[in-house]
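Step one of this worksheet: look at the structure below.
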Amino acid sequence: MKEGRLGKILSVFKGKKGGLISILQRVQEEFGYLPEEALSEIAVFMGLSSSQVFSVATFYAHFYLNRRGDHLVRVCQGTACHVRGARNILETAQYKLGIKTGETTEDYKYSLERVACLGSCALAPIVVIDDTLYPQITTKKMTEILASVSDCEKYEGTELRKR
Ligand code: FES
């Protein structure tokens with residue numbers, strides 16, 4: 001990995017002091033998450049232990065240690081969304097994608113997250129897929145949106161049924 005994409009990133013930071021967070025951000029931009037192998041190589045590059053780098057990577061919620069899907073589906077579970085049925089929306093998304101919250105489909109197309117208030121309570125309940133906000137979602141709309149983003153029928157309930 002060092003000679004390839006990671007090597008190029010590290011070369012930019014060569015000779016500079018500090019910068020672990022910047023390196024982690026740049027690596028995540030490149031790979032979509034922080035591969036374990038990359039964390040080890042970053043530790044060597046920085047003269048730190050692997051556990052020090054791992055601690056920083058796990059401290060910040062915006063760093064991901066597992067590969068995520070091409071599309072990120074975020075279902076708000078804040079108070080305003082909750083009282084307007086956000087729980088059913090989340091369950092619909094789980095069923096349609098065949099994964100639980102925090103998981104990624106086997107083909108790495110979708111990751112599903114529950115989030116706290118996204119600051120658009122007047123539009124509750126809301127769902128955000130990648131950078132698009134979907135207001136006043138119903139379970140029917142959730143189904144339609146997922147179907148329009150991609151052919152999600154193939155996931156429907158598969159993983160959930162296995163458990
Ligand atoms: S509670 Fe969902 S946007 Fe505020």
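Following the order of the structure tokens, first chain is A, next is B, and so on, with residues numbered from 1 inside each chain and ligands from 1 in the order they appear.
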Could you please extract the residues within 7 Å of ligand 1, counting only C-alpha atoms and all ligand atoms, and hand them back as a list in words?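 If we count only C-alpha atoms and all ligand atoms, the neighbours of ligand 1 turn out to be Cys76, Gln77, Gly78, Thr79, Ala80, Cys81, His82, Ala116, Cys117, Leu118, Gly119, Ser120, Cys121, Leu123, Ala124, Pro125 and Ile126 of chain A.
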Just-selected residues, C-alpha atoms written as a CSV table (one decimal), in the first residue's frame:
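Below is the file that was written, selection_21.csv:
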chain,number,residue,atom,x,y,z
A,76,CYS,CA,-32.9,11.1,11.6
A,77,GLN,CA,-34.0,9.9,15.0
A,78,GLY,CA,-34.1,13.2,16.7
A,79,THR,CA,-37.1,14.2,18.8
A,80,ALA,CA,-39.1,16.0,16.1
A,81,CYS,CA,-38.5,13.2,13.6
A,82,HIS,CA,-39.1,10.6,16.3
A,116,ALA,CA,-29.5,12.8,15.8
A,117,CYS,CA,-31.2,16.0,14.8
A,118,LEU,CA,-29.9,17.3,11.5
A,119,GLY,CA,-31.3,20.8,12.1
A,120,SER,CA,-34.3,20.5,9.7
A,121,CYS,CA,-37.0,19.7,12.3
A,123,LEU,CA,-39.4,19.1,7.6
A,124,ALA,CA,-39.5,16.1,10.0
A,125,PRO,CA,-39.3,13.2,9.6
A,126,ILE,CA,-36.2,13.5,7.3
Based on DSSP run over this structure's backbone, return all residues of region 46-122 of chain A in helix (DSSP H, G or I), as a count of residues only. 29
Which neighbours of Asn66 (chain A) fall inside 8 Å, counting only C-alpha atoms, when residues of the same chain fewer than 5 positions from it are skipped, and could you give them as a list in words? Tyr33, Leu34 and Pro35 of chain A
Could you please determine the separation between CA of Gly32 (chain A) and CA of Tyr95 (chain A) in Å, to one decimal place?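 Taking CA of Gly32 (chain A) and CA of Tyr95 (chain A), their separation equals 24.8 Å.
For the set A:Lys100, A:His62, A:His71, A:Lys14, the residue with the smallest atom-to-atom gap to Asp131 (chain A) is A:His71, counting only C-alpha atoms.
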When distances are computed from only C-alpha atoms, which of A:Val127, A:Arg5, A:Leu20, A:Ala86 shows the smallest separation from Ala57 (chain A)?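 Of all the options, A:Leu20 lies closest to Ala57 (chain A).
Nearest to Arg68 (chain A) of all the residues A:Val56, A:Leu112, A:Leu48, A:Val149 is A:Leu112, based on only C-alpha atoms.
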Excluding same-chain residues fewer than 6 positions from Glu29 (chain A), what lies within 12 Å of it counting only C-alpha atoms, as a PyMOL selection string? chain A and resi 5-6+9+22-23+35+62-64+67
Residues of the last selection are to be written out with C-alpha atoms, as a PDB file, in the first residue's frame.
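The resulting result.pdb:
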ATOM      1  CA  ARG A   5      -2.096   5.762  -3.112  1.00  0.00           C
ATOM      2  CA  LEU A   6      -1.074   5.874   0.554  1.00  0.00           C
ATOM      3  CA  ILE A   9      -0.478  10.949   0.489  1.00  0.00           C
ATOM      4  CA  SER A  22      -4.818  15.729   8.461  1.00  0.00           C
ATOM      5  CA  ILE A  23      -3.231  12.504   7.247  1.00  0.00           C
ATOM      6  CA  PRO A  35      -7.901   0.528   6.323  1.00  0.00           C
ATOM      7  CA  HIS A  62     -16.152  11.035  11.536  1.00  0.00           C
ATOM      8  CA  PHE A  63     -13.403   8.462  10.988  1.00  0.00           C
ATOM      9  CA  TYR A  64     -14.498   5.030   9.771  1.00  0.00           C
ATOM     10  CA  ARG A  67     -15.334   0.131   4.367  1.00  0.00           C
TER      11      ARG A  67
END
For Met142 (chain A), find every residue with an atom within 9 Å (counting only C-alpha atoms), except residues of its own chain fewer than 6 positions away, and show them as a tab-separated table (two decimals) with N, CA and C atoms, in the first residue's frame.
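For reference, out_31.tsv as written:
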chain	number	residue	atom	x	y	z
A	89	ILE	N	-39.64	4.64	9.79
A	89	ILE	CA	-38.84	4.94	8.59
A	89	ILE	C	-37.54	4.15	8.63
A	90	LEU	N	-36.91	4.15	9.81
A	90	LEU	CA	-35.65	3.43	9.96
A	90	LEU	C	-35.86	1.93	9.75
A	92	THR	N	-38.14	0.53	7.98
A	92	THR	CA	-38.37	0.30	6.55
A	92	THR	C	-37.05	0.28	5.79
A	93	ALA	N	-36.17	1.23	6.10
A	93	ALA	CA	-34.86	1.28	5.44
A	93	ALA	C	-34.07	0.01	5.73
A	127	VAL	N	-34.86	12.12	5.91
A	127	VAL	CA	-33.84	11.14	5.55
A	127	VAL	C	-32.86	11.85	4.64
A	134	TYR	N	-34.36	14.41	2.09
A	134	TYR	CA	-35.73	14.07	1.73
A	134	TYR	C	-36.64	14.43	2.91
I'd like the contact shell of Thr104 (chain A) - 12 Å cut-off, only C-alpha atoms, skipping same-chain residues fewer than 4 positions apart - returned as a list of chain:residue names. A:Asn66, A:Arg67, A:Arg68, A:Gly69, A:Asp70, A:His71, A:Leu72, A:Val73, A:Gln94, A:Leu97, A:Gly98, A:Ile99, A:Lys100, A:Tyr108, A:Lys109, A:Tyr110, A:Ser111, A:Leu112, A:Glu113, A:Tyr155, A:Glu159
Record the distance separating CA of Leu65 (chain A) and CA of Glu36 (chain A), expressed in Å with one decimal.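 Pair CA of Leu65 (chain A) / CA of Glu36 (chain A) returns 7.2 Å.
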Just give me the gap between CA of Thr105 (chain A) and CA of Glu41 (chain A) in Å, one decimal is fine. 28.0 Å
Compare A:Glu30, A:Thr138, A:Val53, A:Ala147 by their minimum atom-to-atom distance to Gly85 (chain A), counting only C-alpha atoms, and give me the closest one.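 Among the listed residues, the smallest separation from Gly85 (chain A) belongs to A:Thr138.
Around Gln52 (chain A), within 12 Å and counting only C-alpha atoms, the residues found are Leu20, Ile21, Leu39, Ser40, Ile42, Ala43, Val44, Met46, Thr58 and Phe59 of chain A, once anything fewer than 6 positions away on its own chain is removed.
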With N, CA and C atoms kept, could you save the residues just selected as a PDB file, in the first residue's frame?
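out.pdb, freshly written:
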ATOM      1  N   LEU A  20      -1.256  14.330  12.171  1.00  0.00           N
ATOM      2  CA  LEU A  20      -1.886  13.011  12.138  1.00  0.00           C
ATOM      3  C   LEU A  20      -3.350  13.101  11.690  1.00  0.00           C
ATOM      4  N   ILE A  21      -4.085  14.059  12.239  1.00  0.00           N
ATOM      5  CA  ILE A  21      -5.507  14.196  11.873  1.00  0.00           C
ATOM      6  C   ILE A  21      -5.631  14.491  10.372  1.00  0.00           C
ATOM      7  N   LEU A  39      -3.377   2.364   8.714  1.00  0.00           N
ATOM      8  CA  LEU A  39      -3.105   2.885  10.061  1.00  0.00           C
ATOM      9  C   LEU A  39      -1.715   2.446  10.536  1.00  0.00           C
ATOM     10  N   SER A  40      -1.364   1.201  10.241  1.00  0.00           N
ATOM     11  CA  SER A  40      -0.037   0.703  10.637  1.00  0.00           C
ATOM     12  C   SER A  40       1.065   1.481   9.926  1.00  0.00           C
ATOM     13  N   ILE A  42       0.855   4.476   8.633  1.00  0.00           N
ATOM     14  CA  ILE A  42       0.846   5.863   9.113  1.00  0.00           C
ATOM     15  C   ILE A  42       1.614   5.940  10.437  1.00  0.00           C
ATOM     16  N   ALA A  43       1.424   4.925  11.296  1.00  0.00           N
ATOM     17  CA  ALA A  43       2.125   4.894  12.585  1.00  0.00           C
ATOM     18  C   ALA A  43       3.636   4.885  12.363  1.00  0.00           C
ATOM     19  N   VAL A  44       4.088   4.032  11.457  1.00  0.00           N
ATOM     20  CA  VAL A  44       5.533   3.965  11.160  1.00  0.00           C
ATOM     21  C   VAL A  44       6.005   5.317  10.625  1.00  0.00           C
ATOM     22  N   MET A  46       4.794   8.249  11.126  1.00  0.00           N
ATOM     23  CA  MET A  46       4.755   9.308  12.137  1.00  0.00           C
ATOM     24  C   MET A  46       5.680   9.020  13.323  1.00  0.00           C
ATOM     25  N   THR A  58     -10.187   6.152  16.362  1.00  0.00           N
ATOM     26  CA  THR A  58     -11.457   5.715  16.966  1.00  0.00           C
ATOM     27  C   THR A  58     -12.085   6.805  17.836  1.00  0.00           C
ATOM     28  N   PHE A  59     -11.297   7.816  18.206  1.00  0.00           N
ATOM     29  CA  PHE A  59     -11.834   8.885  19.063  1.00  0.00           C
ATOM     30  C   PHE A  59     -12.825   9.765  18.303  1.00  0.00           C
TER      31      PHE A  59
END
In terms of the shortest atom-to-atom distance over only C-alpha atoms, which of A:Leu24, A:Leu146, A:Phe31, A:Ile129 is closest to Ser55 (chain A)? A:Leu24
